[in-house]
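The structure file input.cif is reproduced below (mmCIF, C-alpha atoms).
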```cif
data_data
#
loop_
_atom_site.group_PDB
_atom_site.id
_atom_site.type_symbol
_atom_site.label_atom_id
_atom_site.label_comp_id
_atom_site.auth_asym_id
_atom_site.auth_seq_id
_atom_site.Cartn_x
_atom_site.Cartn_y
_atom_site.Cartn_z
ATOM 1 C CA MET A 337 -11.866 -40.749 87.556
ATOM 2 C CA PRO A 338 -11.104 -43.259 90.347
ATOM 3 C CA TRP A 339 -8.146 -42.792 92.669
ATOM 4 C CA LEU A 340 -5.649 -45.141 94.314
ATOM 5 C CA GLN A 341 -5.247 -44.979 98.065
ATOM 6 C CA LEU A 342 -2.191 -46.269 99.931
ATOM 7 C CA GLN A 343 -2.571 -46.879 103.689
ATOM 8 C CA ILE A 344 0.456 -47.384 105.941
ATOM 9 C CA ASN A 345 0.337 -48.230 109.637
ATOM 10 C CA SER A 346 2.817 -46.004 111.441
ATOM 11 C CA SER A 347 3.878 -44.657 114.803
ATOM 12 C CA ALA A 348 3.582 -40.978 115.672
ATOM 13 C CA ASP A 349 7.376 -40.623 115.363
ATOM 14 C CA ASP A 350 7.534 -42.055 111.824
ATOM 15 C CA ALA A 351 4.392 -40.460 110.370
ATOM 16 C CA ALA A 352 6.087 -37.251 109.185
ATOM 17 C CA SER A 353 8.853 -39.099 107.322
ATOM 18 C CA ILE A 354 6.296 -41.388 105.653
ATOM 19 C CA GLU A 355 4.307 -38.323 104.631
ATOM 20 C CA LYS A 356 7.421 -36.898 102.941
ATOM 21 C CA VAL A 357 8.061 -40.153 101.076
ATOM 22 C CA LEU A 358 4.449 -40.237 99.857
ATOM 23 C CA LEU A 359 4.565 -36.645 98.648
ATOM 24 C CA ASP A 360 7.941 -37.192 96.946
ATOM 25 C CA ALA A 361 6.440 -40.274 95.259
ATOM 26 C CA GLY A 362 3.654 -38.177 93.739
ATOM 27 C CA ALA A 363 0.788 -38.332 96.244
ATOM 28 C CA VAL A 364 -1.719 -35.566 95.580
ATOM 29 C CA ALA A 365 -2.809 -35.559 99.244
ATOM 30 C CA VAL A 366 -1.726 -37.143 102.529
ATOM 31 C CA THR A 367 -3.898 -37.531 105.616
ATOM 32 C CA PHE A 368 -3.380 -38.900 109.139
ATOM 33 C CA GLN A 369 -5.964 -40.999 110.984
ATOM 34 C CA ASP A 370 -6.205 -42.546 114.441
ATOM 35 C CA ASN A 371 -5.293 -46.231 114.206
ATOM 36 C CA ALA A 372 -6.125 -47.285 117.774
ATOM 37 C CA ASN A 373 -9.118 -45.252 118.994
ATOM 38 C CA GLN A 374 -6.875 -42.891 120.980
ATOM 39 C CA PRO A 375 -8.548 -39.544 121.791
ATOM 40 C CA LEU A 376 -6.652 -36.290 121.255
ATOM 41 C CA PHE A 377 -8.064 -33.364 123.150
ATOM 42 C CA GLU A 378 -6.765 -29.814 123.542
ATOM 43 C CA PRO A 379 -3.126 -29.477 122.353
ATOM 44 C CA ASP A 380 -0.671 -26.959 123.749
ATOM 45 C CA LEU A 381 -0.128 -23.813 121.697
ATOM 46 C CA GLY A 382 1.988 -24.596 118.625
ATOM 47 C CA GLU A 383 1.616 -28.366 118.966
ATOM 48 C CA THR A 384 0.343 -30.658 116.214
ATOM 49 C CA PRO A 385 -0.083 -33.941 118.107
ATOM 50 C CA LEU A 386 -0.489 -37.336 116.440
ATOM 51 C CA TRP A 387 -1.815 -40.626 117.732
ATOM 52 C CA GLN A 388 0.703 -43.188 119.000
ATOM 53 C CA GLN A 389 -0.647 -45.528 116.332
ATOM 54 C CA THR A 390 -1.271 -43.432 113.234
ATOM 55 C CA LYS A 391 -2.583 -44.485 109.840
ATOM 56 C CA VAL A 392 -0.932 -42.472 107.046
ATOM 57 C CA ILE A 393 -2.963 -42.373 103.828
ATOM 58 C CA GLY A 394 -1.639 -41.224 100.460
ATOM 59 C CA LEU A 395 -3.928 -40.459 97.528
ATOM 60 C CA PHE A 396 -2.601 -41.138 94.013
ATOM 61 C CA ASP A 397 -3.815 -40.767 90.446
ATOM 62 C CA ALA A 398 -5.367 -43.946 89.045
ATOM 63 C CA ASP A 399 -2.556 -44.442 86.520
ATOM 64 C CA THR A 400 0.185 -44.525 89.210
ATOM 65 C CA ASN A 401 2.403 -47.662 89.088
ATOM 66 C CA MET A 402 1.824 -48.723 92.689
ATOM 67 C CA GLU A 403 3.871 -51.939 92.411
ATOM 68 C CA TYR A 404 6.941 -49.946 91.403
ATOM 69 C CA LEU A 405 6.256 -47.353 94.105
ATOM 70 C CA LEU A 406 6.080 -49.994 96.863
ATOM 71 C CA THR A 407 9.201 -51.781 95.614
ATOM 72 C CA GLU A 408 11.305 -48.622 95.372
ATOM 73 C CA ASN A 409 10.304 -47.153 98.761
ATOM 74 C CA PRO A 410 10.973 -49.478 101.729
ATOM 75 C CA GLN A 411 8.909 -47.293 104.104
ATOM 76 C CA LEU A 412 5.865 -47.924 101.911
ATOM 77 C CA SER A 413 6.399 -51.633 101.268
ATOM 78 C CA THR A 414 3.890 -52.780 103.916
ATOM 79 C CA GLY A 415 1.193 -50.433 102.654
ATOM 80 C CA LYS A 416 -2.239 -51.538 101.531
ATOM 81 C CA VAL A 417 -3.451 -50.304 98.140
ATOM 82 C CA GLU A 418 -7.171 -49.702 97.518
ATOM 83 C CA ILE A 419 -9.180 -48.308 94.643
ATOM 84 C CA LEU A 420 -11.120 -45.292 95.878
ATOM 85 C CA GLU A 421 -14.458 -44.810 94.164
ATOM 86 C CA ASP A 422 -14.873 -41.480 92.465
ATOM 87 C CA LYS A 423 -17.750 -39.592 94.095
ATOM 88 C CA ASP A 424 -19.072 -36.104 94.463
ATOM 89 C CA TRP A 425 -18.086 -35.997 98.137
ATOM 90 C CA GLU A 426 -19.742 -32.624 98.785
ATOM 91 C CA ARG A 427 -23.056 -33.931 97.483
ATOM 92 C CA GLU A 428 -22.574 -37.177 99.458
ATOM 93 C CA TRP A 429 -22.141 -35.171 102.674
ATOM 94 C CA MET A 430 -25.082 -32.908 101.905
ATOM 95 C CA GLU A 431 -27.425 -35.836 101.313
ATOM 96 C CA ASN A 432 -26.517 -37.454 104.635
ATOM 97 C CA TYR A 433 -26.685 -34.359 106.850
ATOM 98 C CA GLU A 434 -30.100 -34.339 108.537
ATOM 99 C CA ALA A 435 -32.019 -31.821 110.642
ATOM 100 C CA MET A 436 -31.514 -32.159 114.418
ATOM 101 C CA PRO A 437 -33.677 -31.015 117.357
ATOM 102 C CA PHE A 438 -32.228 -29.303 120.451
ATOM 103 C CA GLY A 439 -34.389 -28.693 123.496
ATOM 104 C CA LYS A 440 -38.125 -28.092 123.099
ATOM 105 C CA ARG A 441 -38.267 -25.478 120.326
ATOM 106 C CA LEU A 442 -35.058 -25.452 118.340
ATOM 107 C CA TRP A 443 -34.039 -27.345 115.190
ATOM 108 C CA ILE A 444 -30.825 -27.033 113.205
ATOM 109 C CA CYS A 445 -31.621 -27.725 109.557
ATOM 110 C CA PRO A 446 -29.375 -27.991 106.492
ATOM 111 C CA SER A 447 -30.204 -25.068 104.251
ATOM 112 C CA TRP A 448 -30.678 -27.326 101.219
ATOM 113 C CA LYS A 449 -33.475 -29.394 102.836
ATOM 114 C CA THR A 450 -37.035 -28.573 103.925
ATOM 115 C CA PRO A 451 -37.311 -28.326 107.755
ATOM 116 C CA PRO A 452 -39.218 -31.338 109.142
ATOM 117 C CA ASN A 453 -41.155 -29.162 111.607
ATOM 118 C CA PRO A 454 -42.185 -25.822 110.037
ATOM 119 C CA GLU A 455 -43.675 -24.650 113.361
ATOM 120 C CA ALA A 456 -40.360 -25.009 115.224
ATOM 121 C CA VAL A 457 -37.604 -22.419 115.558
ATOM 122 C CA ASN A 458 -35.571 -23.552 112.552
ATOM 123 C CA VAL A 459 -31.984 -22.444 112.033
ATOM 124 C CA LEU A 460 -31.022 -22.976 108.383
ATOM 125 C CA LEU A 461 -27.317 -23.689 108.331
ATOM 126 C CA ASP A 462 -24.606 -23.957 105.740
ATOM 127 C CA PRO A 463 -21.379 -24.485 107.724
ATOM 128 C CA GLY A 464 -19.197 -23.221 104.888
ATOM 129 C CA LEU A 465 -15.617 -22.640 106.021
ATOM 130 C CA ALA A 466 -16.251 -22.437 109.771
ATOM 131 C CA PHE A 467 -16.783 -24.964 112.539
ATOM 132 C CA GLY A 468 -20.267 -25.534 113.880
ATOM 133 C CA THR A 469 -23.056 -27.774 112.647
ATOM 134 C CA GLY A 470 -24.624 -28.878 115.924
ATOM 135 C CA THR A 471 -23.229 -32.386 115.727
ATOM 136 C CA HIS A 472 -20.420 -31.826 118.245
ATOM 137 C CA PRO A 473 -21.375 -32.301 121.929
ATOM 138 C CA THR A 474 -20.128 -28.826 122.904
ATOM 139 C CA THR A 475 -22.362 -27.147 120.314
ATOM 140 C CA ALA A 476 -25.305 -29.349 121.280
ATOM 141 C CA LEU A 477 -24.896 -28.353 124.931
ATOM 142 C CA CYS A 478 -24.943 -24.667 123.987
ATOM 143 C CA LEU A 479 -27.979 -25.003 121.726
ATOM 144 C CA GLU A 480 -29.943 -26.802 124.437
ATOM 145 C CA TRP A 481 -29.050 -24.070 126.924
ATOM 146 C CA LEU A 482 -30.136 -21.299 124.559
ATOM 147 C CA ASP A 483 -33.428 -23.106 123.938
ATOM 148 C CA SER A 484 -34.093 -23.085 127.703
ATOM 149 C CA GLN A 485 -33.502 -19.334 128.123
ATOM 150 C CA THR A 486 -35.842 -16.350 127.890
ATOM 151 C CA LEU A 487 -33.957 -14.070 125.507
ATOM 152 C CA GLU A 488 -36.548 -11.404 124.673
ATOM 153 C CA ASN A 489 -35.112 -7.869 124.914
ATOM 154 C CA CYS A 490 -31.654 -9.295 125.616
ATOM 155 C CA THR A 491 -28.313 -8.340 124.115
ATOM 156 C CA VAL A 492 -26.353 -11.563 123.553
ATOM 157 C CA ILE A 493 -22.650 -12.006 122.807
ATOM 158 C CA ASP A 494 -21.527 -15.181 121.040
ATOM 159 C CA TYR A 495 -17.780 -15.200 121.688
ATOM 160 C CA GLY A 496 -16.056 -17.566 119.252
ATOM 161 C CA CYS A 497 -19.008 -17.651 116.871
ATOM 162 C CA GLY A 498 -17.624 -20.037 114.221
ATOM 163 C CA SER A 499 -20.394 -20.684 111.683
ATOM 164 C CA GLY A 500 -22.787 -18.423 113.618
ATOM 165 C CA ILE A 501 -25.013 -21.299 114.659
ATOM 166 C CA LEU A 502 -25.399 -20.045 118.254
ATOM 167 C CA SER A 503 -25.762 -16.416 117.177
ATOM 168 C CA ILE A 504 -28.596 -17.170 114.786
ATOM 169 C CA ALA A 505 -30.281 -19.533 117.236
ATOM 170 C CA ALA A 506 -30.254 -16.793 119.901
ATOM 171 C CA LEU A 507 -31.806 -14.253 117.519
ATOM 172 C CA LEU A 508 -34.496 -16.634 116.297
ATOM 173 C CA LEU A 509 -35.241 -17.517 119.922
ATOM 174 C CA GLY A 510 -36.020 -13.853 120.629
ATOM 175 C CA ALA A 511 -32.785 -11.989 121.412
ATOM 176 C CA LYS A 512 -33.040 -8.283 120.596
ATOM 177 C CA ARG A 513 -29.396 -7.774 119.610
ATOM 178 C CA LEU A 514 -26.524 -10.158 118.905
ATOM 179 C CA ILE A 515 -22.790 -9.498 118.811
ATOM 180 C CA ALA A 516 -20.822 -12.304 117.145
ATOM 181 C CA VAL A 517 -17.087 -12.311 117.883
ATOM 182 C CA ASP A 518 -14.353 -14.451 116.343
ATOM 183 C CA ASN A 519 -10.640 -14.066 115.609
ATOM 184 C CA ASP A 520 -11.069 -15.812 112.236
ATOM 185 C CA PRO A 521 -12.354 -13.528 109.452
ATOM 186 C CA GLN A 522 -13.685 -16.598 107.602
ATOM 187 C CA ALA A 523 -15.871 -17.375 110.606
ATOM 188 C CA LEU A 524 -17.333 -13.885 110.507
ATOM 189 C CA LEU A 525 -18.079 -14.275 106.790
ATOM 190 C CA ALA A 526 -19.771 -17.627 107.442
ATOM 191 C CA THR A 527 -21.814 -16.069 110.256
ATOM 192 C CA GLU A 528 -22.972 -13.233 108.004
ATOM 193 C CA ASP A 529 -23.861 -15.663 105.201
ATOM 194 C CA ASN A 530 -25.855 -17.883 107.538
ATOM 195 C CA ALA A 531 -27.615 -14.836 109.026
ATOM 196 C CA LYS A 532 -28.761 -13.798 105.539
ATOM 197 C CA ARG A 533 -29.921 -17.353 104.902
ATOM 198 C CA ASN A 534 -32.145 -17.068 107.989
ATOM 199 C CA ASN A 535 -33.491 -13.623 107.039
ATOM 200 C CA ILE A 536 -31.910 -11.973 110.057
ATOM 201 C CA ASP A 537 -32.332 -8.196 110.062
ATOM 202 C CA PRO A 538 -28.734 -6.870 109.732
ATOM 203 C CA SER A 539 -29.488 -4.141 112.278
ATOM 204 C CA ARG A 540 -29.869 -6.827 114.976
ATOM 205 C CA MET A 541 -26.414 -8.366 114.488
ATOM 206 C CA GLN A 542 -22.817 -7.145 114.615
ATOM 207 C CA VAL A 543 -19.865 -9.323 113.623
ATOM 208 C CA LEU A 544 -16.585 -8.247 115.210
ATOM 209 C CA LEU A 545 -12.981 -9.281 115.577
ATOM 210 C CA PRO A 546 -11.893 -9.334 119.239
ATOM 211 C CA HIS A 547 -10.020 -6.018 119.034
ATOM 212 C CA GLN A 548 -13.200 -4.359 117.724
ATOM 213 C CA VAL A 549 -15.148 -5.160 120.905
ATOM 214 C CA THR A 550 -15.218 -1.845 122.774
ATOM 215 C CA GLU A 551 -15.654 -1.203 126.491
ATOM 216 C CA ASP A 552 -19.120 0.271 126.048
ATOM 217 C CA ILE A 553 -20.539 -3.045 124.794
ATOM 218 C CA LYS A 554 -22.463 -4.832 127.545
ATOM 219 C CA ALA A 555 -24.467 -8.052 127.294
ATOM 220 C CA ASP A 556 -27.313 -9.617 129.229
ATOM 221 C CA VAL A 557 -26.185 -13.067 128.031
ATOM 222 C CA ILE A 558 -22.770 -14.323 126.929
ATOM 223 C CA ILE A 559 -22.186 -17.731 125.422
ATOM 224 C CA ALA A 560 -18.671 -18.929 124.590
ATOM 225 C CA ASN A 561 -18.056 -22.308 122.993
ATOM 226 C CA ILE A 562 -14.284 -22.356 122.589
ATOM 227 C CA LEU A 563 -11.766 -24.453 124.557
ATOM 228 C CA ALA A 564 -10.697 -24.510 128.190
ATOM 229 C CA GLY A 565 -7.391 -22.668 127.697
ATOM 230 C CA PRO A 566 -8.847 -19.670 125.837
ATOM 231 C CA LEU A 567 -11.817 -19.547 128.230
ATOM 232 C CA CYS A 568 -9.401 -19.142 131.138
ATOM 233 C CA GLN A 569 -7.445 -16.451 129.286
ATOM 234 C CA LEU A 570 -10.638 -14.607 128.346
ATOM 235 C CA SER A 571 -12.235 -14.623 131.802
ATOM 236 C CA ALA A 572 -11.542 -10.934 132.554
ATOM 237 C CA THR A 573 -12.755 -9.926 129.082
ATOM 238 C CA LEU A 574 -16.000 -11.884 129.279
ATOM 239 C CA LEU A 575 -16.773 -10.805 132.816
ATOM 240 C CA ALA A 576 -16.251 -7.147 131.869
ATOM 241 C CA LEU A 577 -18.710 -7.516 128.976
ATOM 242 C CA LEU A 578 -21.418 -9.111 131.133
ATOM 243 C CA ARG A 579 -23.937 -6.868 132.911
ATOM 244 C CA PRO A 580 -24.709 -7.392 136.619
ATOM 245 C CA THR A 581 -27.081 -10.365 137.010
ATOM 246 C CA GLY A 582 -26.282 -11.331 133.396
ATOM 247 C CA LYS A 583 -26.086 -14.985 132.387
ATOM 248 C CA LEU A 584 -22.946 -16.787 131.220
ATOM 249 C CA ALA A 585 -22.584 -20.160 129.485
ATOM 250 C CA LEU A 586 -19.177 -21.696 128.746
ATOM 251 C CA SER A 587 -18.507 -24.818 126.707
ATOM 252 C CA GLY A 588 -15.662 -26.604 124.938
ATOM 253 C CA ILE A 589 -14.557 -27.901 128.354
ATOM 254 C CA LEU A 590 -13.589 -31.470 129.190
ATOM 255 C CA GLU A 591 -14.889 -32.920 132.450
ATOM 256 C CA THR A 592 -11.318 -32.947 133.820
ATOM 257 C CA GLN A 593 -10.970 -29.210 133.094
ATOM 258 C CA GLN A 594 -14.104 -28.039 134.910
ATOM 259 C CA GLN A 595 -12.461 -26.892 138.139
ATOM 260 C CA MET A 596 -9.663 -25.084 136.290
ATOM 261 C CA VAL A 597 -12.090 -23.064 134.160
ATOM 262 C CA GLN A 598 -14.558 -22.446 136.969
ATOM 263 C CA ALA A 599 -11.794 -21.064 139.188
ATOM 264 C CA HIS A 600 -11.242 -18.175 136.761
ATOM 265 C CA TYR A 601 -14.889 -17.052 137.027
ATOM 266 C CA GLN A 602 -16.167 -18.121 140.426
ATOM 267 C CA SER A 603 -15.450 -14.780 142.179
ATOM 268 C CA SER A 604 -18.018 -13.124 139.892
ATOM 269 C CA ILE A 605 -20.329 -15.937 138.754
ATOM 270 C CA GLN A 606 -22.765 -18.006 140.797
ATOM 271 C CA PHE A 607 -22.604 -21.306 138.951
ATOM 272 C CA SER A 608 -25.432 -23.815 138.721
ATOM 273 C CA PRO A 609 -24.647 -27.541 138.279
ATOM 274 C CA ALA A 610 -22.713 -28.295 135.109
ATOM 275 C CA ALA A 611 -24.333 -30.125 132.203
ATOM 276 C CA GLN A 612 -22.462 -32.981 130.554
ATOM 277 C CA LEU A 613 -22.615 -34.760 127.189
ATOM 278 C CA GLU A 614 -20.071 -37.519 126.638
ATOM 279 C CA GLU A 615 -16.748 -36.214 128.044
ATOM 280 C CA TRP A 616 -17.663 -32.551 127.487
ATOM 281 C CA ILE A 617 -19.349 -30.192 129.936
ATOM 282 C CA ARG A 618 -21.126 -26.850 129.895
ATOM 283 C CA LEU A 619 -20.781 -24.375 132.747
ATOM 284 C CA GLN A 620 -23.543 -21.839 133.290
ATOM 285 C CA GLY A 621 -24.294 -19.240 135.915
ATOM 286 C CA GLN A 622 -25.263 -15.671 136.778
ATOM 287 C CA LYS A 623 -23.081 -12.673 137.510
ATOM 288 C CA ILE A 624 -23.187 -11.665 141.155
ATOM 289 C CA ASN A 625 -21.131 -8.435 141.100
#
```
As structure tokens, what does this structure read like?
Amino acid sequence: MPWLQLQINSSADDAASIEKVLLDAGAVAVTFQDNANQPLFEPDLGETPLWQQTKVIGLFDADTNMEYLLTENPQLSTGKVEILEDKDWEREWMENYEAMPFGKRLWICPSWKTPPNPEAVNVLLDPGLAFGTGTHPTTALCLEWLDSQTLENCTVIDYGCGSGILSIAALLLGAKRLIAVDNDPQALLATEDNAKRNNIDPSRMQVLLPHQVTEDIKADVIIANILAGPLCQLSATLLALLRPTGKLALSGILETQQQMVQAHYQSSIQFSPAAQLEEWIRLQGQKIN
């Protein structure tokens, strides 16, 4: 069945009231989109920011009387109505998601496709309910760093594991033991599912909520792809988990946030030059005490 889509150009201040009108008028879903190529980066806790120029989109059943709806609701009168083709959107996404190389050895491959390079280190991924497919610059920076490391006989902590993409990559690249940590139980489920998909021996991986990480756990390598604010708040935790001379990689950091994040770690970490992809950076270094 096709759908009808109503698009309204709005300001950030008016978007919420337009959303209410659309829902009251029978919209089955309402979404917000950037209408002026304005980036939104890390919001403050509890904030749900919108773009100054926001496109509000309401989705309606095909038999909705859109002419009546526009006439009876002044806030919607300037909206543009389109017929939205009925598609299997999950299948559409799956068909267009391709394998991607990172570094010299590592490929991230959709689990429903044959890896293009069978001799590579191939991570078979089904993102499921958690963030992390390798397409975001912060994830790409972390994957490239892992590919460059010697991980044999290492215990690795992936703090903020999401889909488990970094955890599984580390294990397939030779890590002896992996501890995946996330505060979202759905992320831990996705990590476990993706580990099974890659035939990871369960004895090599633990998945833990943050409060389950005990003081006796120590890592040779810690990688944390989160955001700048949480990375600052977690500095004491991550440093306590890292063994002397252990390696640390931090991502999810904007270029403008580098000094702020680095300041929370620099008394214990000897940093090497940061790596950058688009506006995002990765910090990496070695523990010195």
Task: Explicit residues for the PyMOL selection byres ((chain A and resi 591) around 9) (as an MDAnalysis selection string) - done: chainID A and resid 589:590 592:595 612 615:617
- [ ] Kindly resolve the PyMOL selection byres ((chain A and resi 521) around 10) on the present coordinates and return the residues as an MDAnalysis selection string.
- [x] chainID A and resid 466 498 517:520 522:527 543:545
Could you please take those selected residues and save C-alpha atoms as a compact mmCIF listing (two decimals), keeping the file's coordinate frame?
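So the final result, stored in again.txt, reads:
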```txt
# COMPACT_ATOMS: atom_id res chain seq x y z
CA ALA A 466 -16.25 -22.44 109.77
CA GLY A 498 -17.62 -20.04 114.22
CA VAL A 517 -17.09 -12.31 117.88
CA ASP A 518 -14.35 -14.45 116.34
CA ASN A 519 -10.64 -14.07 115.61
CA ASP A 520 -11.07 -15.81 112.24
CA GLN A 522 -13.68 -16.60 107.60
CA ALA A 523 -15.87 -17.38 110.61
CA LEU A 524 -17.33 -13.88 110.51
CA LEU A 525 -18.08 -14.28 106.79
CA ALA A 526 -19.77 -17.63 107.44
CA THR A 527 -21.81 -16.07 110.26
CA VAL A 543 -19.86 -9.32 113.62
CA LEU A 544 -16.58 -8.25 115.21
CA LEU A 545 -12.98 -9.28 115.58
```
Task: Top pick for closest residue to Met402 in chain A, considering A:Asn530, A:Asn458, A:Gln341, A:Ser447 and counting all atoms listed in the file - done: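 Looking only at the distances to Met402 in chain A, the closest residue turns out to be A:Gln341.
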Open item on the list: I'd like to know which of A:Leu342, A:Ile393, A:Ala476, A:Leu461 is closest to Glu418 in chain A, using all atoms listed in the file.
Closed with: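 Among the listed residues, the smallest separation from Glu418 in chain A belongs to A:Leu342.
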Task: Selection: 9 Å around Val457 in chain A, only C-alpha atoms, excl. self and same-chain fewer than 6 positions, as an MDAnalysis selection string - done: chainID A and resid 441:444 505 508:509
- [ ] Quick one: residues within 10 Å of (-8.2, -44.3, 95.3) (file frame), counting all atoms listed in the file, please, as a PyMOL selection string.
- [x] chain A and resi 337-342+394-398+417-422
- [ ] Write out as a ChimeraX atom specification each polymer residue whose atoms come within 9 Å of Asn489 in chain A, counting only C-alpha atoms; drop sequence neighbours fewer than 5 positions from it.
- [x] /A:510-513
- [ ] Could you tell me how far CA of Gln598 in chain A lies from CA of Cys568 in chain A, in Å and to one decimal?
- [x]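 Answer for the CA of Gln598 in chain A to CA of Cys568 in chain A separation: 8.5 Å.
Residues matched by the PyMOL selection byres ((chain A and resi 563) around 9) in this structure: Glu378, Ala560, Asn561, Ile562, Ala564, Gly565, Pro566, Leu567, Cys568, Leu586, Ser587, Gly588, Ile589 and Leu590 of chain A.
Across A:Ala361, A:Ala555, A:Ala611, A:Leu514, the tightest approach to Trp481 in chain A is made by A:Ala611 when counting only C-alpha atoms.
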